[in-house]
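A.B. asks: Structure in structure tokens, see below.
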Amino acid sequence: MSDRLIDEIKVRDRVKPVLNQGSSPSFFSCWDMHSYYGESYIVQGVSFDIREGEVVALLGRNGAGKTSTLRSIARVDSPQVTHGEIWLDHKPLHKMAAHDAAMNGVALVPEDRRIIAGLTVEENLQLAQIAPPIGWTIERIYEHFPRLAERRNQMGTTLSGGEQQMLAVARALARDIKLLLLDEPYEGLAPVIVQEIANIVDSIKKYGITTIIVEQNAVAALRLADRALILDMGNIVFDGTAQEVLDNEELRHEYLAI
Amino acid sequence: MSYILNIEGVNKTFGGLHALTDIQLKIEKGTTHAIIGPNGAGKSTLLNCCIGRLIPDSGTVNFNGHNMIGMQPHDINHAGMVRVFQTPEIFPELTLLQNVIIPALAKRDGTFKFNPFRSLAKETELEDQAMAALADVGLEKYYDQHAGSISRGDKRRLELAMGLIQQPSLLLLDEPTAGMARHDTNKTIDLLKKIKERGMTKVIIEHDMHVVFSLADKISVLAQGCIIATGTPDEIRNSAKVKEAYLGESEDE
Amino acid sequence: MSTKDKSKDESRRDFLKATAATGIAASSPMFFVKDAYAGSHNMPFRNNPGSAKSVKFGFNVPQSGAYADEGADELRAYKLAVKHLNGEGDGGMMNTMKPMSLKGNGILGKKVEYVTGDTQTKSDAARASAKRMIEKDGVLMITGGSSSGVAVAVQGLCQEMGVIFMAGLTHSNDTTGKDKRRYGFRHFFNAYMSGRALGPVLKKEMGTDRKAYHLTADYTWGWTQEESIKNTTEELGWQTTAAVKTPVGAGDFSQYITPILNSGADVLILNHYGKDMINSLTQAVQFGLRDKQVNGKQFEIVVPLFSRLMAQGAGDNIKGILGTTNWNWSLKDKGSQAFVKSFGAEYGFPPSQAAHTCYVQALLYANACEQAGTFYPPQVIKALEGFNFDGMGNGPTEYRAEDHQCFKDVLVVRGNQNPSSQFDLLEIVQEVPRSQVEYPASMFGGELGPYVV
Amino acid sequence: MDAILIQILNGLDKGGAYALIALGLTLTFGTLGVVNFAHGALFMLGAFCAVSVQQLLTLSKSVKDESITFFDAYKDQPYLEIWWGDTGTAIIDYAVPISILFAIPIMLLIGVAMERGLIKHFYKRSHAEQILVTFGFAIVVQEIIKAFYGANPIPTPAPDIVSGSAAIGAMLGLSESLVYPWWRLIYLLFAGVVIFAVFAFLKYTTFGMVVRAGMADRETVSLLGINVERRFTIVFGIATVVAGLAGVMYAPILPPDYHMGMDFLVLSFVVVVVGGMGSLGGAVAAGFLLGILQSFASMNEIKSIFPGIDQIIIYLVAVVILLVRPRGLMGREGVMED
Amino acid sequence: MMKISLQNNAVVMLIFSAVVLTAPLWLAPIGADYPDLLQKFAIFGIFAIGFNILFGLTGYLSFGHAAFLGIGSYTAVWSFKLFTMNVLPAVILGTIMAGVFALAIGYISLRRSGIYFSILTLAFAQMSYSLAYSVLTPITNGETGLQLTMNDARVIDSLFGVEAEAGLPSTNLFGQVMSGYSGFYFCAVILIIGFYVSLKIFRSPFGLKLTAIKSNQTRMKYTGFNTRPYLLSAFVISGMYAGLAGALMSITDPLAGAERMQWTASGEVVLMTILGGVGTLIGPLLGVGIIKYFENIFSAMNPSALHEIFNFLPLWLENIVVGITRHFVGDGWHLTLGAMFMLVVIFLPGGVMEGITKLFNYIKKKLGLNRVDSEDHVSEGGDRK
């Protein structure tokens with residue numbers, strides 16, 4: 001245990017002030033975050049800032065800690081954040097439980113969508129509108145996602161993969177969010193549907209919602225993103241524009257394996 | 001027959017969703033065959049069908065001339081087909097050494113052996129084997145730590161050691177390098193190359209193209225539950241179809 | 001044993017004995033120290049007090065489980081008995097018992113002390129507790145308990161250990177029947193006597209043309225009682241419509257009660273005790289059985305074994321129900337009055353029949369020791385066997401030598417319709433004389449076993 | 001025919017009781033994932049709510065009891081009777097229905113306090129430890145009750161007006177002998193209403209929707225800004241209230257004693273498991289199924305063919321169902337399977 | 001710490017044997033040195049050790065092990081009735097019979113896991129109990145319990161011409177009577193053997209495989225093990241331990257009652273094991289010691305006994321202390337037990353053994369000894385038996 005502590009201190013010394021281009025103080029910032037799954041050390045001192053309205057792609061190979069980083073920010077129980085600070089719009093997320101973080105504007109669209117079994121499409125949406133602050137009305141959501149409107153009384157889990165993804169995103173929009181965390185939105189979807197989801201995410205970008213997107217399909221993610229962060233072994237190893245990543249084959253090869 | 005594994009016409013659906021559609025796959029003895037494809041393409045489902053975790057709706061999985069469908073997982077293991085899992089399926093409460101001794105015991109004792117009076121302390125031979133396997137993957141220093149406490153990358157390596165110690169005739173590797181640092185990935189590639197020299201047949205599922213292209217003799221590309229291409233690494237690298245499906249570049253761009 | 005090859009047998013026995021002796025010596029050095037068999041009358045026996053200033057009794061009563069309240073009342077009676085034996089308090093039945101050897105200075109000049117234990121109403125726990133008393137605390141006599149299973153189990157143990165057991169509340173015929181033991185005595189009456197006592201009263205109250213339906217707790221006591229009552233009622237000319245066994249501790253008896261409604265029976269006999277009795281009676285009344293008319297007759301319920309504590313649990317449902325009891329505090333004889341007075345003054349409420357039984361048994365054991373002039377069990381047993389006495393309630397009483405069953409008058413009681421106090425739950429219908437409930441000792445079989453163990 | 005009809009009714013009634021007890025237990029399983037061995041004790045506490053209210057209403061002045069001459073004895077006369085005469089007596093008569101009103105807030109309080117003070121700390125502990133701690137809690141509660149009320153069952157009668165039987169047969173034009181106690185009919189009705197209320201609450205209220213969602217996926221619900229833990233505390237409180245109400249209403253049928261909870265504990269676990277872990281509908285279905293089967297197995301005709309069948313029927317059915325359906329009637333995969 | 005084994009079985013066994021055999025000496029100060037309680041410690045120790053082989057190693061929580069205890073008891077008494085008063089056949093038959101039943105019940109119950117398994121075992125045990133209590137009375141003698149009688153056949157004894165005595169015969173080991181201290185030593189020797197077997201199993205490849213099944217059964221299947229026979233063997237072994245314990249209960253006290261099979265009896269061994277520490281070698285024995293001590297000693301204390309204990313205090317303080325403690329002994333002993341369950345599990349997750357280990361590590365740390373190996377736990381635990 002003590003060894004670990006020493007490590008942490010070293011890591012902290014090593015952290016350089018993160019880049020903070022543009023707005024200051026930054027809208028979202030994550031400073032030296034460490035988290036564990038049980039005894040497994042997953043996120044090993046991640047620090048980055050995001051400006052309001054920015055869309056950031058968080059990239060890295062499988063197992064690099066991307067999902068864990070998102071989950072740490074959303075403050076779910078596991079992984080457990082043992083050290084670090086997370087600030088969103090002047091609010092200290094690191095002091096909050098998941099539901100508090102959500103009430104302060106964080107929305108995580110999880111990897112496997114997590115549509116709640118036993119609830120209809122509409123109930124899934126209603127569930128998102130119980131705790132304040134409330135975002136889009138359900139009517140507005142249905143306008144944007146006519147397919148969901150058609151299936152409003154169907155059980156959420158009986159939707160197809162793409163529709164479930166739509167519902168998951170819609171569920172996030174039903175809340176008044178400041179930071180959207182998208183985890184693998186295209187996973188397991190047919191190309192046609194990927195396109196559809198991409199359009200949705202595009203439109204989200206138009207509304208100016210600050211977004212972190214984690215995606216295996218790096219190219220697709222980079223197309224949407226203003227900025228890219230590359231994570232490796234629980235550490236940020238690259239921070240730059242999306243174009244820089246697309247242009248830098250060596251970087252892609254080394255850290256994204258494409 | 002020079003094919004050690006011959007998958008024919010395997011279909012698998014989950015509640016209307018076609019996870020696998022008419023899979024045809026032949027693996028030659030002694031080769032390293034990579035299966036690539038985007039997340040959710042059905043790669044893990046395919047492996048699960050091979051090792052008895054899932055039973056396909058139709059089709060055959062022929063291993064060394066025997067149909068494996070309907071066989072118990074432990075019998076498939078003893079037939080010589082061993083899988084290294086993607087999400088580390090280890091014994092978190094046991095030490096690393098014990099984790100590796102378990103598959104070694106399986107290899108020695110078979111599916112069931114009642115030996116409650118044999119002393120573990122006398123199993124020095126297995127212990128040496130296990131230590132060697134741990135050394136192969138570079139974990140020998142941590143042999144007495146609980147497997148639950150090591151990093152994800154290390155768990156992957158432990159998985160690998162657990163697979164290797166059984167010296168299977170066919171090793172199914174599900175993303176063996178996920179979660180590893182670049183340095184460790186390279187070490188793992190070296191290790192897998194070494195195994196190839198020993199003549200072990202391998203099927204690798206991998207995202208990391210670097211790993212795939214350094215190891216594979218042949219590559220199959222899986223997308224939407226279908227094998228859309230099989231070929232040498234070069235053929236795959238230059239296939240437009242593959243690029244579209246896997247690298248996410250749609251045709252209109 | 002007829003002997004064809006006696007010499008061979010004997011040599012083998014000698015060999016066995018020799019091994020036994022060496023075995024004891026080798027394996028357990030403390031064996032002799034603990035169970036020191038050195039006595040005053042040249043007669044070694046277990047837990048001989050020798051020259052000690054006091055003797056110990058073991059009060060083994062249920063302190064947890066369904067009979068805990070009954071156990072608590074037993075314990076109160078025992079403590080009172082010890083007080084009286086040691087010459088404290090008002091003396092209670094010591095003043096009324098005849099013949100009486102006790103002097104109010106303890107027993108044979110030794111002060112009486114006691115230890116307590118919890119039977120949990122389980123044979124195993126009761127035997128463990130009794131063993132502790134014998135092995136650790138060195139008690140001379142064990143008494144108490146609230147169920148026949150426990151009584152039989154502890155009685156067997158006491159026979160093996162050579163310690164006298166004065167059974168507490170046990171109603172099964174077996175306790176002094178097929179499971180009787182030389183070292184065990186019972187003051188309580190039994191199921192057979194309940195039946196004999198009830199017979200004439202039932203005839204008088206309900207006539208001879210009745211159809212009876214039995215609900216019987218599915219274990220040995222329930223069976224013996226069912227059999228005894230059945231014999232009695234069938235002698236009267238009653239028919240037995242059905243006898244249904246119910247699981248012990250069933251809680252809800254409704255599924256056994258509903259068939260009664262259509263059975264054509266006009267009397268329900270509940271061979272239940274304790275919680276089962278309270279529940280089955282309460283539920284039977286709820287099913288309207290008591291308001292029913294069958295075959296032009298009023299439907300009746302009979303609970304052959306009654307106790308005031310149980311009556312308390314059943315509340316109003318007990319009113320008007322017939323049954324038998326060993327003793328009731330409203331008896332007007334001198335002994336009973338003395339005891340009730342003494343107990344009431346001490347605790348503020350009258351004693352239960354369990355308390356009475358236990359109190360009397362403690363006194364009787366003490367008296368037998370005093371009379372025999374020794375604590376040596378065989379002598380004490382002989383003093384108790386065939387002992388005739390009076391002034392302890394229920395009139396003249398005998399501890400029959402052949403089976404150690406106590407014979408005295410049996411009370412047939414009825415749930416009081418208009419109780420004058422919260423304790424006045426049972427009214428005595430008849431004091432059935434002893435002669436009417438007596439039976440030959442050989443009737444239930446069993447063997448007492450040896451005096452010396 | 002009558003016999004069968006009445007056994008069906010009887011089975012439904014028993015089933016209602018089983019379902020009611022199991023409902024609270026499975027609610028605790030489903031939401032908190034805690035194996036609550038104290039559930040029987042909560043049922044018992046409910047019954048003792050009725051006892052307490054009855055004793056409260058019969059709070060009495062001690063009057064010298066002249067009828068006892070051996071020693072100074074006192075008898076009790078309830079203040080209510082002293083003050084209000086017959087009205088007081090009538091109020092006392094309605095002790096059990098009145099106690100329902102008391103039981104709801106008291107049980108809710110007990111439930112919430114128990115969850116916050118004890119259960120909360122055991123969410124992530126092993127089932128074995130949950131069993132040990134809740135069992136210990138049950139024993140402590142029992143012993144406290146025993147210290148205050150003694151071990152003997154305490155008669156807690158229903159109001160006089162419903163103490164007898166309803167002549168159902170006569171009402172329906174069937175056999176005269178077809179009667180059934182009023183109170184048991186009320187219990188059946190009550191069980192139905194409570195079960196329906198719980199289901200309706202879960203189905204039609206927002207709170208219920210959150211609970212259902214929380215049972216299915218706790219994490220996602222908290223990601224939507226909902227404090228699941230607080231809601232689950234209330235759910236535990238509701239489960240306690242349901243157990244308590246089952247107990248209150250059972251008091252006239254089974255005079256309460258301190259040990260009655262243990263007798264129901266095993267049974268309620270069997271019902272919940274046969275129904276399938278985490279399934280409310282399953283628990284209710286299993287409760288009624290076992291109740292009816294138990295009633296039938298107790299019939300003399302069946303007992304004469306299979307002696308003792310009535311004593312083992314519940315367990316026998318449990319074994320058969322679990323062998324045929326691995327997760328009980330309606331259990332979900334993966335719940336409490338490790 | 002763990003390169004398979006640094007631990008010497010012989011040393012462990014030596015310490016364990018010494019501790020067990022001298023129990024009458026070191027248990028004397030707390031009043032637990034009389035034969036019956038010593039026998040109970042040993043017998044329930046065997047029961048708990050066996051139970052721990054199933055629950056501690058595989059994680060399968062059986063709620064029906066008391067059934068095997070009862071079967072062992074009945075078989076042993078029948079052996080006395082039919083064959084001989086010698087205890088060896090009783091021990092062997094009791095163990096085997098329990099094993100047979102365990103095989104049948106385990107075969108069916110192990111088709112399910114988790115709580116479904118627990119309820120299946122519970123159901124079987126409750127059925128056994130109900131039947132033994134009532135319908136099977138010809139075999140079990142119902143509520144009264146199966147007892148010896150004067151006219152039992154005892155075929156072997158009469159064959160060898162052992163003469164009937166005046167009273168009931170006693171159980172014996174070739175003439176040595178099996179009650180009192182000799183009964184304890186007999187049980188103690190079997191406990192030591194039982195512990196040795198358990199130690200061997202814990203430290204065998206078989207034991208390791210069982211632990212691995214507990215850790216991740218799915219993985220075991222894909223590693224090439226057929227887990228069902230492993231679980232079944234563990235179940236049968238632990239069932240045989242229970243049968244052995246049951247037989248010993250009949251040997252030290254030849255009366256077998258149905259309540260031994262009730263769910264509360266099964267629950268008791270579960271509580272003993274958890275209380276002491278699941279999966280540790282000594283933990284279950286500690287649990288047995290605590291619960292049996294409470295049941296036998298605390299339940300027997302009454303205010304006068306308390307006054308004796310606390311008479312070193314000034315009178316006024318003595319009265320206060322007795323006034324408070326009296327609620328926790330005698331008929332309040334259950335309260336103490338329940339409170340202790342709660343305290344232990346709240347403050348010592350992992351049972352009493354965990355607490356001892358922590359304490360031991362703490363002391364070692366204080367003394368500046370860093371290395372702690374688990375062998376010390378064994379001996380430390382043994383001291384407390």
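Letters A, B, ... go to the chains of the structure tokens in the order shown; residues in each chain start at 1; ligands are counted from 1 in the same order.
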Only residues of chain D matter here; which ones have an atom within 9 Å of chain E, counting only C-alpha atoms? Give them as number ranges by chain.
C.D. replies: D: 118, 121-122, 125, 128-144, 147, 266, 269-270, 273-274, 276-277, 307-309, 311-316, 318-319, 322-323, 326-328, 335-338
A.B. asks: Could you list, as a PyMOL selection string, every residue of chain D that has an atom within 9 Å of an atom of chain C, counting only C-alpha atoms?
C.D. replies: chain D and resi 2-3+6-7+10-11+14+65-76+150-157+163-166+177-184+252-260+263+294-300+303+308+310-311
A.B. asks: Which residues of chain A are close to chain B, meaning at most 10 Å apart when you count only C-alpha atoms, and how do they look as a PyMOL selection string?
C.D. replies: chain A and resi 36-42+60-65+158+160-161+184+186-192+194-195+216-221+232-234+253-258
A.B. asks: Can you check which residues of chain E have any atom within 6 Å of chain C? Use only C-alpha atoms and format it as a list in words.
C.D. replies: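 Result, ordered by chain then number: Tyr34, Ser134, Glu143, Thr144, Ala166, Gly167, Gly175, Gln176, Ala300 and Asp331 of chain E.
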A.B. asks: Go ahead and write the residues just picked, N, CA and C atoms, as a PDB file, in the first residue's frame.
C.D. replies:
ATOM      1  N   TYR E  34     -16.067 -30.689  31.812  1.00  0.00           N
ATOM      2  CA  TYR E  34     -16.773 -31.928  32.134  1.00  0.00           C
ATOM      3  C   TYR E  34     -17.028 -32.719  30.857  1.00  0.00           C
ATOM      4  N   SER E 134     -42.497 -38.544  12.497  1.00  0.00           N
ATOM      5  CA  SER E 134     -43.835 -39.131  12.558  1.00  0.00           C
ATOM      6  C   SER E 134     -43.936 -40.452  11.812  1.00  0.00           C
ATOM      7  N   GLU E 143     -40.646 -38.909  18.190  1.00  0.00           N
ATOM      8  CA  GLU E 143     -40.242 -37.790  19.029  1.00  0.00           C
ATOM      9  C   GLU E 143     -39.384 -38.243  20.198  1.00  0.00           C
ATOM     10  N   THR E 144     -39.736 -39.391  20.761  1.00  0.00           N
ATOM     11  CA  THR E 144     -38.994 -39.869  21.919  1.00  0.00           C
ATOM     12  C   THR E 144     -37.533 -40.145  21.568  1.00  0.00           C
ATOM     13  N   ALA E 166     -27.765 -56.463  34.165  1.00  0.00           N
ATOM     14  CA  ALA E 166     -29.070 -56.168  34.733  1.00  0.00           C
ATOM     15  C   ALA E 166     -29.708 -54.983  34.013  1.00  0.00           C
ATOM     16  N   GLY E 167     -28.931 -53.947  33.791  1.00  0.00           N
ATOM     17  CA  GLY E 167     -29.476 -52.766  33.143  1.00  0.00           C
ATOM     18  C   GLY E 167     -29.178 -52.787  31.657  1.00  0.00           C
ATOM     19  N   GLY E 175     -14.668 -53.279  25.313  1.00  0.00           N
ATOM     20  CA  GLY E 175     -14.760 -53.361  26.765  1.00  0.00           C
ATOM     21  C   GLY E 175     -14.610 -52.027  27.454  1.00  0.00           C
ATOM     22  N   GLN E 176     -13.921 -51.104  26.812  1.00  0.00           N
ATOM     23  CA  GLN E 176     -13.756 -49.783  27.417  1.00  0.00           C
ATOM     24  C   GLN E 176     -15.052 -48.994  27.222  1.00  0.00           C
ATOM     25  N   ALA E 300     -26.993 -22.023  31.749  1.00  0.00           N
ATOM     26  CA  ALA E 300     -27.170 -22.601  33.079  1.00  0.00           C
ATOM     27  C   ALA E 300     -26.903 -21.601  34.186  1.00  0.00           C
ATOM     28  N   ASP E 331     -32.141 -17.880  30.947  1.00  0.00           N
ATOM     29  CA  ASP E 331     -33.066 -17.923  29.809  1.00  0.00           C
ATOM     30  C   ASP E 331     -32.793 -16.803  28.815  1.00  0.00           C
TER      31      ASP E 331
END
A.B. asks: Using only C-alpha atoms, which of the listed residues (E:Ile320, E:Ala42, E:Thr218, E:Tyr107) sits closest to Tyr181 in chain E?
C.D. replies: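 For Tyr181 in chain E, the nearest of the candidates is E:Ala42.
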A.B. asks: Which residues are close to range 386-403 of chain C, i.e. within 10 Å by only C-alpha atoms, leaving aside same-chain residues fewer than 5 positions away? Reply as a PyMOL selection string.
C.D. replies: chain C and resi 92-100+175-182+184-187+326-329+331-339+356-357+359-360+363-364+368+381+408-411+431-434+440-442+444-448
A.B. asks: As an MDAnalysis selection string, which residues of range 68-163 of chain A does DSSP assign to helix (DSSP H, G or I)?
C.D. replies: chainID A and resid 68:74 93:95 98:103 121:128 138:144 146:150 156:158 161:163
A.B. asks: Which residues are close to Gln147 in chain E, i.e. within 7 Å by only C-alpha atoms, leaving aside same-chain residues fewer than 6 positions away? Reply as a PyMOL selection string.
C.D. replies: chain E and resi 254-256
A.B. asks: Please determine, counting only C-alpha atoms, which residue among D:Phe207, D:Phe37, D:Tyr250, D:Phe148 has the shortest atom-to-atom distance to chain A.
C.D. replies: D:Phe207
A.B. asks: Would you kindly return, as a PyMOL selection string, each protein, DNA or RNA residue with an atom no farther than 7 Å from any atom of Ile164 in chain C, considering only C-alpha atoms and excluding same-chain residues fewer than 6 positions away?
C.D. replies: chain C and resi 141-142+158+183-184+377
A.B. asks: I need the chosen residues saved as a PDB file, in the first residue's frame, with N, CA, C and O atoms.
C.D. replies:
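Output contents, as saved in again12.pdb:
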ATOM      1  N   MET C 141     -29.999 -35.206  42.224  1.00  0.00           N
ATOM      2  CA  MET C 141     -31.309 -35.506  41.661  1.00  0.00           C
ATOM      3  C   MET C 141     -31.597 -34.494  40.561  1.00  0.00           C
ATOM      4  O   MET C 141     -31.218 -33.332  40.687  1.00  0.00           O
ATOM      5  N   ILE C 142     -32.261 -34.970  39.520  1.00  0.00           N
ATOM      6  CA  ILE C 142     -32.650 -34.061  38.436  1.00  0.00           C
ATOM      7  C   ILE C 142     -34.156 -34.085  38.319  1.00  0.00           C
ATOM      8  O   ILE C 142     -34.789 -35.136  38.478  1.00  0.00           O
ATOM      9  N   CYS C 158     -30.634 -40.707  33.211  1.00  0.00           N
ATOM     10  CA  CYS C 158     -30.462 -40.759  34.659  1.00  0.00           C
ATOM     11  C   CYS C 158     -30.305 -42.192  35.141  1.00  0.00           C
ATOM     12  O   CYS C 158     -29.556 -42.470  36.074  1.00  0.00           O
ATOM     13  N   TYR C 183     -34.930 -45.395  38.072  1.00  0.00           N
ATOM     14  CA  TYR C 183     -34.504 -44.126  38.666  1.00  0.00           C
ATOM     15  C   TYR C 183     -35.465 -42.976  38.369  1.00  0.00           C
ATOM     16  O   TYR C 183     -35.207 -41.852  38.751  1.00  0.00           O
ATOM     17  N   GLY C 184     -36.555 -43.289  37.654  1.00  0.00           N
ATOM     18  CA  GLY C 184     -37.461 -42.193  37.307  1.00  0.00           C
ATOM     19  C   GLY C 184     -38.814 -42.319  38.011  1.00  0.00           C
ATOM     20  O   GLY C 184     -39.362 -43.420  38.145  1.00  0.00           O
ATOM     21  N   PRO C 377     -28.918 -43.852  46.217  1.00  0.00           N
ATOM     22  CA  PRO C 377     -30.119 -43.924  45.385  1.00  0.00           C
ATOM     23  C   PRO C 377     -30.959 -45.182  45.580  1.00  0.00           C
ATOM     24  O   PRO C 377     -32.179 -45.068  45.716  1.00  0.00           O
TER      25      PRO C 377
END
A.B. asks: Report as a tab-separated table: every residue of chain A with an atom at most 8 Å from chain D, its closest pair of atoms, and their distance in Å to one decimal, counting only C-alpha atoms, with rows sorted by chain and ascending residue number.
C.D. replies:
residue	atom	partner	partner_atom	distance
A:Ala74	CA	D:Leu223	CA	7.3
A:Val76	CA	D:Glu219	CA	7.0
A:Ala98	CA	D:Leu223	CA	5.8
A:His99	CA	D:Gly225	CA	3.9
A:Asp100	CA	D:Gly225	CA	6.2
A:Ala101	CA	D:Gly225	CA	7.2
A:Ala102	CA	D:Gly225	CA	4.5
A:Met103	CA	D:Gly225	CA	5.0
A:Ala107	CA	D:Leu223	CA	6.8
A:Leu108	CA	D:Leu223	CA	6.8
A:Arg114	CA	D:Thr220	CA	6.7
A:Ile116	CA	D:Ala213	CA	6.2
A:Ala117	CA	D:Ala216	CA	6.1
A:Gly118	CA	D:Ala213	CA	7.5
A:Leu119	CA	D:Ala213	CA	7.1
A:Glu123	CA	D:Met209	CA	7.7
A:Leu127	CA	D:Val210	CA	6.8
A:Ala128	CA	D:Leu224	CA	5.3
A:Ile130	CA	D:Ile226	CA	7.3
A:Ala131	CA	D:Gly225	CA	5.5
A:Pro132	CA	D:Gly225	CA	7.5
A:Ala172	CA	D:Leu224	CA	7.9
A:Arg175	CA	D:Leu224	CA	7.9
A.B. asks: Would you please work out which residue, of B:Gln166, B:Ser119, B:Ser44, B:Thr31, is nearest to chain E when using only C-alpha atoms?
C.D. replies: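 The shortest atom-to-atom distance to chain E comes from B:Ser119.
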A.B. asks: Neighbours of Leu148 in chain E within 9 Å (only C-alpha atoms; same-chain residues fewer than 5 positions away dropped), as a ChimeraX atom specification?
C.D. replies: /E:77-78,80-81,168-169,254-255
A.B. asks: Generate a file of the selected residues that holds all heavy atoms, formatted as a compact mmCIF listing (two decimals), in the first residue's frame.
C.D. replies:
# COMPACT_ATOMS: atom_id res chain seq x y z
N VAL E 77 -27.26 -46.17 16.42
CA VAL E 77 -28.09 -46.82 17.44
C VAL E 77 -28.60 -48.16 16.93
O VAL E 77 -28.63 -49.15 17.67
CB VAL E 77 -29.26 -45.90 17.85
CG1 VAL E 77 -30.16 -46.62 18.84
CG2 VAL E 77 -28.74 -44.62 18.47
N TRP E 78 -28.96 -48.19 15.66
CA TRP E 78 -29.39 -49.49 15.11
C TRP E 78 -28.27 -50.50 15.15
O TRP E 78 -28.51 -51.69 15.37
CB TRP E 78 -29.93 -49.33 13.68
CG TRP E 78 -31.38 -48.97 13.68
CD1 TRP E 78 -31.93 -47.79 13.29
CD2 TRP E 78 -32.47 -49.79 14.12
NE1 TRP E 78 -33.29 -47.80 13.47
CE2 TRP E 78 -33.66 -49.02 13.98
CE3 TRP E 78 -32.57 -51.07 14.64
CZ2 TRP E 78 -34.92 -49.51 14.32
CZ3 TRP E 78 -33.83 -51.56 14.99
CH2 TRP E 78 -34.98 -50.79 14.83
N PHE E 80 -26.05 -50.65 17.42
CA PHE E 80 -26.03 -51.14 18.81
C PHE E 80 -27.17 -52.12 19.06
O PHE E 80 -27.01 -53.12 19.76
CB PHE E 80 -26.18 -49.97 19.80
CG PHE E 80 -25.04 -49.01 19.75
CD1 PHE E 80 -25.26 -47.64 19.84
CD2 PHE E 80 -23.74 -49.45 19.63
CE1 PHE E 80 -24.22 -46.75 19.79
CE2 PHE E 80 -22.69 -48.56 19.58
CZ PHE E 80 -22.93 -47.20 19.65
N LYS E 81 -28.31 -51.83 18.48
CA LYS E 81 -29.47 -52.67 18.74
C LYS E 81 -29.35 -54.02 18.03
O LYS E 81 -29.69 -55.05 18.59
CB LYS E 81 -30.75 -51.95 18.26
CG LYS E 81 -31.20 -50.81 19.14
CD LYS E 81 -32.27 -49.97 18.47
CE LYS E 81 -33.66 -50.52 18.73
NZ LYS E 81 -34.15 -50.26 20.07
N LEU E 168 -29.35 -51.65 31.03
CA LEU E 168 -29.02 -51.55 29.62
C LEU E 168 -27.51 -51.62 29.45
O LEU E 168 -26.77 -51.09 30.27
CB LEU E 168 -29.54 -50.23 29.05
CG LEU E 168 -31.04 -50.13 28.83
CD1 LEU E 168 -31.40 -48.71 28.43
CD2 LEU E 168 -31.50 -51.12 27.79
N PRO E 169 -27.07 -52.26 28.40
CA PRO E 169 -25.62 -52.31 28.18
C PRO E 169 -25.08 -50.93 27.78
O PRO E 169 -25.82 -50.08 27.31
CB PRO E 169 -25.49 -53.30 27.03
CG PRO E 169 -26.80 -53.23 26.31
CD PRO E 169 -27.83 -52.92 27.35
N PRO E 254 -26.40 -43.01 23.79
CA PRO E 254 -27.13 -43.79 22.79
C PRO E 254 -28.62 -43.49 22.73
O PRO E 254 -29.45 -44.30 23.11
CB PRO E 254 -26.89 -45.24 23.22
CG PRO E 254 -26.46 -45.17 24.63
CD PRO E 254 -25.97 -43.80 24.94
N LEU E 255 -28.94 -42.34 22.26
CA LEU E 255 -30.34 -41.99 22.00
C LEU E 255 -30.34 -41.02 20.83
O LEU E 255 -29.63 -40.01 20.85
CB LEU E 255 -30.97 -41.34 23.22
CG LEU E 255 -32.43 -40.89 23.06
CD1 LEU E 255 -33.24 -41.32 24.26
CD2 LEU E 255 -32.54 -39.40 22.88
A.B. asks: As a ChimeraX atom specification, please: every residue in range 19-245 of chain B that DSSP puts in strand (DSSP E or B).
C.D. replies: /B:19-28,32-36,58-63,66-67,81-84,95,146,170-174,201-205,218-223,226-231
